[in-house]
>>> print(open('structure_31.cif').read())   # mmCIF, C-alpha atoms
data_start
#
loop_
_atom_site.label_atom_id
_atom_site.label_comp_id
_atom_site.auth_asym_id
_atom_site.auth_seq_id
_atom_site.Cartn_x
_atom_site.Cartn_y
_atom_site.Cartn_z
CA MET A 1 25.05 -35.43 122.12
CA VAL A 2 23.38 -35.58 125.52
CA ARG A 3 25.16 -37.65 128.20
CA PRO A 4 22.68 -40.28 129.48
CA GLY A 5 21.71 -39.75 133.12
CA GLY A 6 23.12 -36.21 133.28
CA ARG A 7 21.08 -33.12 134.09
CA SER A 8 20.65 -32.34 130.41
CA ALA A 9 19.23 -35.80 129.72
CA ARG A 10 16.83 -35.48 132.70
CA VAL A 11 15.57 -32.11 131.44
CA GLN A 12 15.07 -33.54 127.96
CA ALA A 13 13.16 -36.54 129.28
CA ALA A 14 10.95 -34.40 131.54
CA VAL A 15 10.14 -31.93 128.77
CA HIS A 16 9.40 -34.66 126.21
CA THR A 17 7.12 -36.40 128.70
CA ALA A 18 5.34 -33.12 129.46
CA VAL A 19 4.71 -32.55 125.74
CA ARG A 20 3.30 -36.04 125.26
CA GLU A 21 1.06 -35.82 128.33
CA LEU A 22 -0.23 -32.34 127.54
CA GLU A 23 -0.82 -33.24 123.88
CA ALA A 24 -3.09 -36.04 125.06
CA GLU A 25 -4.84 -33.84 127.64
CA VAL A 26 -5.32 -30.45 125.95
CA GLY A 27 -4.47 -31.13 122.29
CA ARG A 28 -1.54 -30.07 120.18
CA ASP A 29 -2.87 -26.61 119.30
CA ALA A 30 -3.20 -25.60 122.96
CA LEU A 31 0.46 -26.31 123.80
CA THR A 32 2.57 -23.36 124.94
CA VAL A 33 6.11 -23.17 126.26
CA PRO A 34 5.00 -21.89 129.73
CA LEU A 35 2.47 -24.73 130.03
CA ILE A 36 5.07 -27.35 129.08
CA ALA A 37 7.68 -25.81 131.39
CA GLN A 38 5.30 -25.87 134.35
CA ARG A 39 4.43 -29.54 133.78
CA ALA A 40 8.08 -30.51 133.32
CA GLY A 41 9.22 -28.57 136.42
CA VAL A 42 11.64 -26.34 134.51
CA THR A 43 11.62 -22.64 133.70
CA PRO A 44 10.38 -21.45 130.30
CA SER A 45 13.82 -19.97 129.65
CA THR A 46 15.34 -23.45 129.99
CA ILE A 47 13.15 -24.54 127.09
CA TYR A 48 13.82 -21.44 125.00
CA ARG A 49 17.57 -21.76 125.57
CA ARG A 50 17.66 -25.39 124.58
CA TRP A 51 15.08 -25.64 121.80
CA GLY A 52 14.67 -22.05 120.62
CA ALA A 53 10.93 -22.15 120.09
CA LEU A 54 7.87 -24.34 120.45
CA THR A 55 7.98 -25.60 116.84
CA GLU A 56 11.55 -26.79 117.34
CA LEU A 57 10.66 -28.59 120.57
CA LEU A 58 7.69 -30.26 118.85
CA SER A 59 9.96 -31.27 115.98
CA ASP A 60 12.38 -32.88 118.44
CA VAL A 61 9.55 -34.76 120.19
CA ALA A 62 8.13 -35.89 116.83
CA VAL A 63 11.47 -37.36 115.74
CA GLU A 64 11.69 -39.30 119.01
CA ARG A 65 8.26 -40.75 118.32
CA LEU A 66 9.28 -41.75 114.80
CA ARG A 67 12.23 -43.73 116.18
CA PRO A 68 11.54 -47.45 115.62
CA ASP A 69 11.40 -49.37 118.89
CA THR A 70 11.89 -52.86 117.49
CA ALA A 71 14.20 -54.46 114.90
CA PRO A 72 12.57 -55.45 111.58
CA GLY A 73 10.94 -58.89 111.73
CA ASP A 74 12.78 -61.94 110.37
CA HIS A 75 10.58 -63.76 107.85
CA GLY A 76 13.31 -65.98 106.49
CA GLY A 77 14.22 -64.15 103.26
CA LEU A 78 15.06 -60.74 101.84
CA ALA A 79 11.90 -60.35 99.77
CA SER A 80 9.55 -61.17 102.62
CA ASP A 81 11.55 -59.17 105.19
CA LEU A 82 11.58 -56.05 103.00
CA ALA A 83 7.93 -56.38 102.02
CA ALA A 84 6.80 -56.76 105.64
CA TRP A 85 8.93 -53.83 106.72
CA ALA A 86 7.69 -51.61 103.87
CA GLU A 87 4.06 -52.40 104.73
CA GLN A 88 4.62 -51.59 108.40
CA PHE A 89 6.54 -48.40 107.56
CA LEU A 90 3.69 -47.27 105.32
CA ASP A 91 1.11 -48.11 108.01
CA GLU A 92 2.92 -46.13 110.69
CA MET A 93 3.88 -43.12 108.58
CA SER A 94 0.54 -42.74 106.82
CA SER A 95 -1.53 -42.94 110.02
CA PRO A 96 -2.91 -39.60 111.25
CA ALA A 97 -0.37 -39.64 114.10
CA GLY A 98 2.47 -40.54 111.74
CA ARG A 99 1.59 -37.75 109.32
CA ALA A 100 1.38 -35.25 112.20
CA TYR A 101 4.83 -36.30 113.46
CA ILE A 102 6.36 -36.04 109.99
CA ARG A 103 4.91 -32.55 109.58
CA ASP A 104 6.12 -31.49 113.03
CA ALA A 105 9.56 -32.99 112.36
CA LEU A 106 9.87 -31.03 109.09
CA LEU A 107 8.35 -27.81 110.38
CA GLY A 108 10.54 -26.94 113.36
CA ASP A 109 13.72 -27.97 111.62
CA PRO A 110 15.49 -25.06 109.96
CA ASP A 111 18.77 -26.93 109.38
CA GLY A 112 17.24 -30.25 108.32
CA SER A 113 18.89 -32.26 111.09
CA ASN A 114 15.63 -33.67 112.48
CA ALA A 115 14.45 -34.76 109.05
CA GLY A 116 17.88 -36.35 108.62
CA ARG A 117 17.39 -38.31 111.86
CA CYS A 118 14.03 -39.66 110.56
CA SER A 119 15.72 -40.79 107.38
CA ALA A 120 18.60 -42.36 109.31
CA TYR A 121 16.12 -44.44 111.35
CA ALA A 122 14.67 -45.86 108.13
CA ALA A 123 18.13 -46.46 106.64
CA ASP A 124 19.23 -48.25 109.82
CA GLN A 125 16.23 -50.58 109.66
CA VAL A 126 16.88 -51.30 105.99
CA ASP A 127 20.53 -51.99 106.81
CA VAL A 128 19.53 -54.59 109.43
CA ILE A 129 17.39 -56.38 106.82
CA LEU A 130 20.13 -56.29 104.16
CA THR A 131 22.85 -57.44 106.55
CA ARG A 132 20.71 -60.38 107.66
CA ALA A 133 20.05 -61.31 104.01
CA ALA A 134 23.76 -61.10 103.17
CA GLU A 135 24.50 -63.40 106.12
CA ARG A 136 22.03 -65.88 104.64
CA GLY A 137 24.01 -65.70 101.40
CA GLU A 138 21.39 -63.72 99.46
CA ASP A 139 22.29 -61.05 96.88
CA THR A 140 21.37 -57.65 98.28
CA PRO A 141 20.94 -54.17 96.84
CA ALA A 142 22.70 -51.21 98.46
CA VAL A 143 20.97 -49.37 101.34
CA GLU A 144 20.74 -46.20 99.24
CA THR A 145 19.08 -48.14 96.42
CA VAL A 146 16.39 -49.32 98.85
CA MET A 147 16.00 -45.72 100.06
CA ASP A 148 15.44 -44.62 96.43
CA ARG A 149 13.21 -47.47 95.33
CA VAL A 150 11.10 -48.20 98.43
CA VAL A 151 11.36 -45.56 101.15
CA SER A 152 11.32 -42.50 98.85
CA PRO A 153 8.16 -43.39 96.89
CA LEU A 154 6.33 -44.29 100.11
CA MET A 155 7.21 -41.02 101.83
CA TYR A 156 6.66 -38.94 98.69
CA ARG A 157 3.20 -40.38 98.21
CA ILE A 158 2.29 -40.07 101.89
CA LEU A 159 3.15 -36.38 101.78
CA PHE A 160 2.20 -35.39 98.22
CA ARG A 161 0.26 -38.03 96.32
CA PRO A 162 -1.73 -40.40 98.55
CA ALA A 163 -4.15 -41.79 95.92
CA GLY A 164 -3.69 -45.55 95.55
CA LEU A 165 -1.34 -45.94 98.52
CA GLY A 166 -1.71 -49.26 100.31
CA ALA A 167 -0.07 -52.55 101.24
CA ALA A 168 -0.19 -53.81 97.64
CA TYR A 169 1.64 -50.70 96.42
CA ALA A 170 4.32 -51.10 99.12
CA ARG A 171 4.85 -54.77 98.24
CA GLY A 172 4.98 -53.88 94.54
CA LEU A 173 7.87 -51.49 95.16
CA VAL A 174 9.87 -54.28 96.79
CA VAL A 175 9.06 -56.75 94.00
CA GLY A 176 10.08 -54.19 91.36
CA LEU A 177 13.36 -53.52 93.15
CA LEU A 178 14.34 -57.17 93.58
CA GLU A 179 13.28 -58.19 90.06
CA GLY A 180 15.34 -55.33 88.67
CA ASP A 181 18.31 -56.59 90.67
CA SER A 182 18.02 -60.13 89.41
CA ALA A 183 17.97 -58.75 85.85
CA GLY A 184 21.33 -57.12 86.46
CA ASN A 185 20.28 -53.66 87.64
CA MET B 186 -12.43 -23.37 91.37
CA VAL B 187 -12.15 -19.60 91.05
CA ARG B 188 -13.76 -18.02 87.97
CA PRO B 189 -11.06 -16.01 86.13
CA GLY B 190 -11.75 -12.27 86.16
CA GLY B 191 -14.41 -12.49 88.88
CA ARG B 192 -14.23 -10.71 92.22
CA SER B 193 -12.90 -13.83 93.90
CA ALA B 194 -10.04 -14.08 91.38
CA ARG B 195 -9.21 -10.38 91.84
CA VAL B 196 -9.07 -10.79 95.63
CA GLN B 197 -6.83 -13.83 95.26
CA ALA B 198 -4.47 -12.03 92.89
CA ALA B 199 -4.27 -8.93 95.14
CA VAL B 200 -3.60 -10.99 98.26
CA HIS B 201 -0.98 -13.18 96.58
CA THR B 202 0.78 -10.08 95.22
CA ALA B 203 0.70 -8.47 98.67
CA VAL B 204 2.31 -11.58 100.22
CA ARG B 205 5.08 -11.66 97.60
CA GLU B 206 5.81 -7.94 97.93
CA LEU B 207 5.79 -7.92 101.73
CA GLU B 208 7.92 -11.06 101.89
CA ALA B 209 10.57 -9.23 99.86
CA GLU B 210 10.25 -6.04 101.93
CA VAL B 211 9.88 -7.17 105.54
CA GLY B 212 10.73 -10.89 105.40
CA ARG B 213 8.55 -13.93 105.82
CA ASP B 214 8.60 -14.00 109.61
CA ALA B 215 7.18 -10.48 109.89
CA LEU B 216 4.10 -11.24 107.79
CA THR B 217 0.72 -10.88 109.51
CA VAL B 218 -2.80 -11.10 108.18
CA PRO B 219 -3.61 -7.43 108.98
CA LEU B 220 -0.43 -6.30 107.19
CA ILE B 221 -1.24 -8.37 104.12
CA ALA B 222 -4.88 -7.24 104.12
CA GLN B 223 -3.89 -3.57 104.25
CA ARG B 224 -1.48 -3.95 101.33
CA ALA B 225 -4.02 -5.93 99.28
CA GLY B 226 -6.83 -3.45 99.99
CA VAL B 227 -9.12 -6.04 101.59
CA THR B 228 -10.28 -6.55 105.17
CA PRO B 229 -8.52 -9.07 107.40
CA SER B 230 -11.80 -10.97 107.70
CA THR B 231 -11.82 -11.49 103.92
CA ILE B 232 -8.50 -13.32 104.32
CA TYR B 233 -9.57 -15.32 107.35
CA ARG B 234 -12.83 -16.34 105.63
CA ARG B 235 -11.09 -17.49 102.51
CA TRP B 236 -7.83 -18.97 103.78
CA GLY B 237 -8.53 -19.66 107.46
CA ALA B 238 -5.11 -18.65 108.78
CA LEU B 239 -1.77 -17.20 107.75
CA THR B 240 -0.10 -20.62 107.32
CA GLU B 241 -2.84 -21.66 104.90
CA LEU B 242 -2.48 -18.47 102.89
CA LEU B 243 1.29 -18.93 102.74
CA SER B 244 0.76 -22.54 101.64
CA ASP B 245 -1.48 -21.35 98.80
CA VAL B 246 1.05 -18.72 97.69
CA ALA B 247 3.87 -21.28 97.86
CA VAL B 248 2.02 -23.71 95.59
CA GLU B 249 1.48 -20.94 93.04
CA ARG B 250 5.19 -20.27 93.07
CA LEU B 251 5.97 -23.94 92.55
CA ARG B 252 3.80 -24.01 89.42
CA PRO B 253 6.08 -24.47 86.36
CA ASP B 254 5.85 -21.56 83.97
CA THR B 255 7.32 -23.26 80.89
CA ALA B 256 6.90 -26.64 79.22
CA PRO B 257 9.83 -29.09 79.58
CA GLY B 258 12.54 -28.52 76.97
CA ASP B 259 12.70 -30.70 73.84
CA HIS B 260 16.18 -32.22 73.49
CA GLY B 261 15.21 -34.74 70.84
CA GLY B 262 14.86 -37.91 72.90
CA LEU B 263 13.25 -39.32 76.03
CA ALA B 264 16.48 -39.91 77.93
CA SER B 265 17.82 -36.40 77.38
CA ASP B 266 14.41 -34.74 77.96
CA LEU B 267 13.89 -36.55 81.26
CA ALA B 268 17.46 -36.00 82.44
CA ALA B 269 17.31 -32.26 81.69
CA TRP B 270 13.93 -31.95 83.39
CA ALA B 271 15.08 -33.90 86.47
CA GLU B 272 18.16 -31.70 86.81
CA GLN B 273 16.10 -28.53 86.56
CA PHE B 274 13.48 -29.86 89.00
CA LEU B 275 16.22 -30.66 91.51
CA ASP B 276 17.79 -27.23 91.04
CA GLU B 277 14.53 -25.40 91.62
CA MET B 278 13.24 -27.50 94.50
CA SER B 279 16.53 -27.73 96.39
CA SER B 280 17.27 -23.99 96.22
CA PRO B 281 16.65 -22.10 99.48
CA ALA B 282 13.53 -20.54 97.96
CA GLY B 283 12.30 -23.90 96.65
CA ARG B 284 12.77 -25.58 100.02
CA ALA B 285 10.94 -22.75 101.76
CA TYR B 286 8.00 -23.05 99.35
CA ILE B 287 7.81 -26.82 99.77
CA ARG B 288 7.77 -26.41 103.54
CA ASP B 289 5.12 -23.70 103.35
CA ALA B 290 3.07 -25.77 100.91
CA LEU B 291 3.14 -28.80 103.24
CA LEU B 292 2.62 -26.99 106.50
CA GLY B 293 -0.50 -24.93 105.95
CA ASP B 294 -2.24 -27.80 104.27
CA PRO B 295 -4.33 -29.86 106.67
CA ASP B 296 -6.16 -31.81 103.94
CA GLY B 297 -3.16 -32.36 101.67
CA SER B 298 -4.70 -30.61 98.67
CA ASN B 299 -1.86 -28.12 98.21
CA ALA B 300 0.76 -30.85 98.36
CA GLY B 301 -1.36 -32.71 95.82
CA ARG B 302 -1.25 -29.69 93.49
CA CYS B 303 2.57 -29.61 93.71
CA SER B 304 2.71 -33.28 92.79
CA ALA B 305 0.23 -32.77 89.93
CA TYR B 306 2.47 -30.03 88.47
CA ALA B 307 5.38 -32.47 88.36
CA ALA B 308 3.22 -35.27 86.94
CA ASP B 309 1.89 -32.93 84.22
CA GLN B 310 5.44 -32.01 83.19
CA VAL B 311 6.45 -35.67 83.10
CA ASP B 312 3.36 -36.44 81.03
CA VAL B 313 4.35 -33.81 78.44
CA ILE B 314 7.78 -35.44 78.11
CA LEU B 315 6.37 -38.97 77.82
CA THR B 316 3.70 -37.97 75.30
CA ARG B 317 6.30 -36.28 73.12
CA ALA B 318 8.51 -39.39 73.31
CA ALA B 319 5.59 -41.66 72.39
CA GLU B 320 4.86 -39.43 69.40
CA ARG B 321 8.48 -39.93 68.31
CA GLY B 322 7.86 -43.69 68.48
CA GLU B 323 9.93 -44.26 71.64
CA ASP B 324 8.99 -46.80 74.32
CA THR B 325 7.89 -44.91 77.44
CA PRO B 326 7.37 -45.83 81.09
CA ALA B 327 4.11 -44.88 82.83
CA VAL B 328 3.84 -41.45 84.46
CA GLU B 329 3.47 -43.06 87.89
CA THR B 330 6.65 -45.08 87.32
CA VAL B 331 8.55 -41.85 86.65
CA MET B 332 7.01 -40.36 89.79
CA ASP B 333 8.29 -43.37 91.79
CA ARG B 334 11.71 -43.65 90.19
CA VAL B 335 12.73 -40.02 89.59
CA VAL B 336 10.48 -37.47 91.33
CA SER B 337 10.08 -39.37 94.63
CA PRO B 338 13.79 -39.92 95.36
CA LEU B 339 14.58 -36.29 94.45
CA MET B 340 11.90 -34.88 96.75
CA TYR B 341 12.62 -37.38 99.53
CA ARG B 342 16.30 -36.51 99.53
CA ILE B 343 15.66 -32.76 99.32
CA LEU B 344 13.48 -32.97 102.43
CA PHE B 345 15.12 -35.77 104.43
CA ARG B 346 18.50 -36.88 103.11
CA PRO B 347 20.36 -34.20 101.15
CA ALA B 348 23.87 -35.69 101.29
CA GLY B 349 25.13 -36.46 97.78
CA LEU B 350 22.28 -34.72 95.95
CA GLY B 351 23.32 -33.16 92.66
CA ALA B 352 22.93 -33.20 88.90
CA ALA B 353 24.80 -36.51 88.57
CA TYR B 354 22.42 -38.18 91.02
CA ALA B 355 19.37 -36.82 89.14
CA ARG B 356 20.72 -38.06 85.81
CA GLY B 357 21.53 -41.44 87.37
CA LEU B 358 17.91 -41.91 88.42
CA VAL B 359 16.79 -41.39 84.83
CA VAL B 360 19.44 -43.78 83.46
CA GLY B 361 18.46 -46.44 86.01
CA LEU B 362 14.79 -46.08 85.11
CA LEU B 363 15.29 -46.32 81.35
CA GLU B 364 17.82 -49.17 81.53
CA GLY B 365 15.41 -51.12 83.73
CA ASP B 366 12.69 -50.54 81.14
CA SER B 367 14.76 -51.80 78.25
CA ALA B 368 15.47 -54.95 80.31
CA GLY B 369 11.74 -55.62 80.50
CA ASN B 370 10.81 -53.87 83.76
#
>>> encode(input="structure_31.cif", output="structure tokens")
Amino acid sequence: MVRPGGRSARVQAAVHTAVRELEAEVGRDALTVPLIAQRAGVTPSTIYRRWGALTELLSDVAVERLRPDTAPGDHGGLASDLAAWAEQFLDEMSSPAGRAYIRDALLGDPDGSNAGRCSAYAADQVDVILTRAAERGEDTPAVETVMDRVVSPLMYRILFRPAGLGAAYARGLVVGLLEGDSAGN
Amino acid sequence: MVRPGGRSARVQAAVHTAVRELEAEVGRDALTVPLIAQRAGVTPSTIYRRWGALTELLSDVAVERLRPDTAPGDHGGLASDLAAWAEQFLDEMSSPAGRAYIRDALLGDPDGSNAGRCSAYAADQVDVILTRAAERGEDTPAVETVMDRVVSPLMYRILFRPAGLGAAYARGLVVGLLEGDSAGN
């Protein structure tokens, strides 16, 4: 882990900012390590030492952009909270920017740790929703069950099978999950 | 579509064979378009014209390798057919080679058509299993339900959340799906 405020954290912030700025200015395909280093005020070897290669740096930046910046909305009940979250998750991940970040996150990620961070963000959001529902006294499925029944089909279809994807599909996954639960599954 | 036996099909076969041979000989990271062209007996511009870039060619080769070469086994019943298929699918896709092919298939695939072919292979296999079960007189879920409940969680976890993945998990997805169905879902 990077200590906040230390030199390592400052380098990371400067390099991430340089990537985001240059992506907007010259486009993703024109990015190079020397260009990013110059903008960030570090040497190229600092980047190579820390990230290994451009694809790994882009993967790291993509994961940061996939990090949710707000807690899931409170709509008063588990069904509505999960449905609203699933719709928003689908919207963000299936947008052109979302798809590009998912691809970048997977691509420069030989050991799978960046993909694991993306998944942990989703699981954390689901956990907030389930904890809130449990505090209201509602019956709740397990986090991993929601990952299987809602998050997995959304991500699978975004990446592999996009026909028919939409808000109604996302809501249907939540309804199917919660009906199954009330029937004893 | 490529007409079988035509010049286009011969070029495709020669180039795919060259990629597979060179991958085994020099490793994936040493592959270049000129190297592949030389081995396949075509000009580099033939490859660029047809595939656009190396990542797209590798994506095409990866999808071919992910194509199932046998029909799903017949174990006498829907539950055992689906469980055996899910275990085998997990085995193949989560192997180092399988993961590399999935990554290659996704990465050199700007329009998503190669990822769509991978998903269609899985859906076709599931369809064979469900059709056979229906012919036996068994109740069967829809193909898309099996994609959501079995294929999606397996692929999501292979790519994003591998902790706990294994044959027992794959079988559990099938049991959960079929129990839900018998309860009216």
>>> interface_residues(input="structure_31.cif", of="chain A", to="chain B", cutoff="10 Å", atoms="all atoms listed in the file", output="ChimeraX atom specification")
/A:100,103-104,106-107,110,112-120,145,147-163,173,176-177,179-181,183-185
>>> calpha_fit_and_write(input="structure_31.cif", fixed="chain B", moving="chain A", output="compact mmCIF listing (two decimals) with C-alpha atoms, in the frame of the given file")
# COMPACT_ATOMS: atom_id res chain seq x y z
CA MET A 1 -12.48 -23.30 91.31
CA VAL A 2 -12.20 -19.53 91.02
CA ARG A 3 -13.80 -17.94 87.94
CA PRO A 4 -11.09 -15.93 86.12
CA GLY A 5 -11.76 -12.18 86.15
CA GLY A 6 -14.43 -12.39 88.86
CA ARG A 7 -14.23 -10.63 92.21
CA SER A 8 -12.90 -13.77 93.87
CA ALA A 9 -10.06 -14.03 91.35
CA ARG A 10 -9.20 -10.32 91.83
CA VAL A 11 -9.05 -10.75 95.61
CA GLN A 12 -6.84 -13.81 95.23
CA ALA A 13 -4.47 -12.02 92.87
CA ALA A 14 -4.25 -8.93 95.10
CA VAL A 15 -3.60 -10.98 98.23
CA HIS A 16 -0.98 -13.18 96.54
CA THR A 17 0.78 -10.09 95.21
CA ALA A 18 0.70 -8.47 98.65
CA VAL A 19 2.31 -11.58 100.19
CA ARG A 20 5.07 -11.66 97.60
CA GLU A 21 5.81 -7.93 97.91
CA LEU A 22 5.77 -7.92 101.71
CA GLU A 23 7.91 -11.07 101.88
CA ALA A 24 10.55 -9.25 99.85
CA GLU A 25 10.24 -6.05 101.91
CA VAL A 26 9.87 -7.19 105.53
CA GLY A 27 10.71 -10.91 105.41
CA ARG A 28 8.54 -13.96 105.82
CA ASP A 29 8.58 -14.01 109.63
CA ALA A 30 7.17 -10.47 109.87
CA LEU A 31 4.07 -11.24 107.78
CA THR A 32 0.70 -10.87 109.50
CA VAL A 33 -2.84 -11.09 108.16
CA PRO A 34 -3.63 -7.40 108.97
CA LEU A 35 -0.45 -6.27 107.19
CA ILE A 36 -1.26 -8.35 104.10
CA ALA A 37 -4.89 -7.21 104.10
CA GLN A 38 -3.89 -3.55 104.23
CA ARG A 39 -1.48 -3.94 101.31
CA ALA A 40 -4.01 -5.90 99.26
CA GLY A 41 -6.84 -3.42 99.97
CA VAL A 42 -9.12 -6.00 101.58
CA THR A 43 -10.31 -6.51 105.14
CA PRO A 44 -8.55 -9.03 107.39
CA SER A 45 -11.83 -10.93 107.69
CA THR A 46 -11.84 -11.45 103.91
CA ILE A 47 -8.53 -13.27 104.30
CA TYR A 48 -9.62 -15.26 107.35
CA ARG A 49 -12.86 -16.28 105.64
CA ARG A 50 -11.13 -17.44 102.51
CA TRP A 51 -7.88 -18.95 103.77
CA GLY A 52 -8.56 -19.64 107.44
CA ALA A 53 -5.17 -18.61 108.76
CA LEU A 54 -1.83 -17.17 107.74
CA THR A 55 -0.15 -20.59 107.33
CA GLU A 56 -2.87 -21.65 104.90
CA LEU A 57 -2.52 -18.46 102.87
CA LEU A 58 1.27 -18.93 102.74
CA SER A 59 0.75 -22.53 101.65
CA ASP A 60 -1.50 -21.36 98.81
CA VAL A 61 1.04 -18.74 97.70
CA ALA A 62 3.87 -21.29 97.88
CA VAL A 63 2.01 -23.73 95.62
CA GLU A 64 1.47 -20.96 93.07
CA ARG A 65 5.19 -20.29 93.08
CA LEU A 66 5.96 -23.97 92.57
CA ARG A 67 3.78 -24.03 89.44
CA PRO A 68 6.06 -24.49 86.41
CA ASP A 69 5.81 -21.57 84.00
CA THR A 70 7.29 -23.26 80.94
CA ALA A 71 6.88 -26.66 79.24
CA PRO A 72 9.82 -29.09 79.61
CA GLY A 73 12.53 -28.50 77.00
CA ASP A 74 12.68 -30.68 73.88
CA HIS A 75 16.15 -32.20 73.52
CA GLY A 76 15.21 -34.68 70.84
CA GLY A 77 14.83 -37.88 72.89
CA LEU A 78 13.24 -39.31 76.02
CA ALA A 79 16.48 -39.89 77.92
CA SER A 80 17.81 -36.39 77.37
CA ASP A 81 14.41 -34.73 77.95
CA LEU A 82 13.89 -36.55 81.26
CA ALA A 83 17.46 -35.98 82.43
CA ALA A 84 17.30 -32.25 81.69
CA TRP A 85 13.94 -31.94 83.40
CA ALA A 86 15.09 -33.90 86.47
CA GLU A 87 18.18 -31.70 86.82
CA GLN A 88 16.10 -28.53 86.57
CA PHE A 89 13.49 -29.87 89.00
CA LEU A 90 16.22 -30.69 91.50
CA ASP A 91 17.81 -27.24 91.05
CA GLU A 92 14.54 -25.41 91.65
CA MET A 93 13.25 -27.54 94.53
CA SER A 94 16.54 -27.77 96.41
CA SER A 95 17.26 -24.02 96.25
CA PRO A 96 16.65 -22.13 99.51
CA ALA A 97 13.52 -20.57 97.98
CA GLY A 98 12.31 -23.93 96.69
CA ARG A 99 12.77 -25.61 100.06
CA ALA A 100 10.94 -22.74 101.80
CA TYR A 101 8.00 -23.05 99.37
CA ILE A 102 7.81 -26.82 99.83
CA ARG A 103 7.78 -26.39 103.61
CA ASP A 104 5.12 -23.67 103.41
CA ALA A 105 3.05 -25.77 101.00
CA LEU A 106 3.14 -28.76 103.39
CA LEU A 107 2.68 -26.77 106.57
CA GLY A 108 -0.57 -24.88 105.97
CA ASP A 109 -2.23 -27.82 104.30
CA PRO A 110 -4.32 -29.88 106.71
CA ASP A 111 -6.14 -31.85 103.99
CA GLY A 112 -3.14 -32.40 101.72
CA SER A 113 -4.70 -30.67 98.71
CA ASN A 114 -1.85 -28.17 98.25
CA ALA A 115 0.78 -30.88 98.40
CA GLY A 116 -1.33 -32.76 95.86
CA ARG A 117 -1.26 -29.73 93.54
CA CYS A 118 2.58 -29.64 93.75
CA SER A 119 2.72 -33.29 92.82
CA ALA A 120 0.24 -32.80 89.97
CA TYR A 121 2.46 -30.06 88.49
CA ALA A 122 5.38 -32.50 88.39
CA ALA A 123 3.22 -35.29 86.97
CA ASP A 124 1.90 -32.95 84.27
CA GLN A 125 5.43 -32.02 83.21
CA VAL A 126 6.45 -35.68 83.12
CA ASP A 127 3.36 -36.45 81.05
CA VAL A 128 4.33 -33.82 78.46
CA ILE A 129 7.78 -35.44 78.12
CA LEU A 130 6.35 -38.97 77.83
CA THR A 131 3.68 -37.97 75.33
CA ARG A 132 6.28 -36.27 73.14
CA ALA A 133 8.49 -39.39 73.31
CA ALA A 134 5.56 -41.65 72.40
CA GLU A 135 4.83 -39.40 69.41
CA ARG A 136 8.44 -39.90 68.31
CA GLY A 137 7.82 -43.64 68.49
CA GLU A 138 9.92 -44.23 71.62
CA ASP A 139 8.98 -46.78 74.31
CA THR A 140 7.90 -44.92 77.43
CA PRO A 141 7.37 -45.85 81.07
CA ALA A 142 4.12 -44.90 82.81
CA VAL A 143 3.84 -41.46 84.47
CA GLU A 144 3.49 -43.09 87.90
CA THR A 145 6.66 -45.10 87.31
CA VAL A 146 8.56 -41.87 86.64
CA MET A 147 7.02 -40.39 89.80
CA ASP A 148 8.32 -43.40 91.78
CA ARG A 149 11.74 -43.68 90.18
CA VAL A 150 12.73 -40.04 89.58
CA VAL A 151 10.50 -37.50 91.31
CA SER A 152 10.11 -39.39 94.62
CA PRO A 153 13.82 -39.95 95.32
CA LEU A 154 14.61 -36.33 94.44
CA MET A 155 11.95 -34.92 96.75
CA TYR A 156 12.67 -37.43 99.51
CA ARG A 157 16.35 -36.55 99.50
CA ILE A 158 15.71 -32.81 99.30
CA LEU A 159 13.53 -33.03 102.40
CA PHE A 160 15.18 -35.83 104.40
CA ARG A 161 18.55 -36.94 103.07
CA PRO A 162 20.41 -34.24 101.11
CA ALA A 163 23.93 -35.75 101.24
CA GLY A 164 25.19 -36.50 97.73
CA LEU A 165 22.32 -34.77 95.92
CA GLY A 166 23.34 -33.19 92.63
CA ALA A 167 22.96 -33.21 88.86
CA ALA A 168 24.82 -36.53 88.53
CA TYR A 169 22.45 -38.19 91.00
CA ALA A 170 19.40 -36.84 89.12
CA ARG A 171 20.73 -38.08 85.78
CA GLY A 172 21.56 -41.45 87.34
CA LEU A 173 17.93 -41.91 88.39
CA VAL A 174 16.80 -41.41 84.80
CA VAL A 175 19.45 -43.78 83.43
CA GLY A 176 18.48 -46.44 85.98
CA LEU A 177 14.81 -46.10 85.08
CA LEU A 178 15.30 -46.33 81.31
CA GLU A 179 17.83 -49.17 81.50
CA GLY A 180 15.42 -51.10 83.70
CA ASP A 181 12.72 -50.56 81.09
CA SER A 182 14.83 -51.81 78.23
CA ALA A 183 15.56 -54.95 80.28
CA GLY A 184 11.85 -55.65 80.47
CA ASN A 185 10.93 -53.94 83.74
>>> residues_around(input="structure_31.cif", residues="Leu251 in chain B", least_positions_apart="6", cutoff="10 Å", atoms="only C-alpha atoms", output="list in words")
Glu277, Met278, Ala282, Gly283, Tyr286, Ile287, Ala290, Arg302, Cys303, Ser304, Tyr306 and Ala307 of chain B
>>> resolve_selection(input="structure_31.cif", expression="the PyMOL selection byres ((chain B and resi 271) around 12)", output="PyMOL selection string")
chain B and resi 257-258+263-270+272-279+307-308+310-311+314+331-332+334-340+350-360
>>> atom_distance(input="structure_31.cif", atom1="CA of Gln223 in chain B", atom2="CA of Ala203 in chain B")
8.7 Å
>>> resolve_selection(input="structure_31.cif", expression="the PyMOL selection byres ((chain A and resi 40-47) around 12)", output="JSON, numbers by chain")
{"A": [7, 8, 10, 11, 12, 13, 14, 15, 16, 17, 18, 19, 20, 21, 22, 32, 33, 34, 35, 36, 37, 38, 39, 48, 49, 50, 51, 52, 53, 54, 55, 56, 57, 58]}
>>> atom_distance(input="structure_31.cif", atom1="CA of Asp74 in chain A", atom2="CA of Asp139 in chain A")
16.5 Å
>>> closest_residue(input="structure_31.cif", among="A:Ala9, A:Gly27, A:Ala71, A:Ser95", to="Asp127 in chain A", atoms="all atoms listed in the file")
A:Ala71
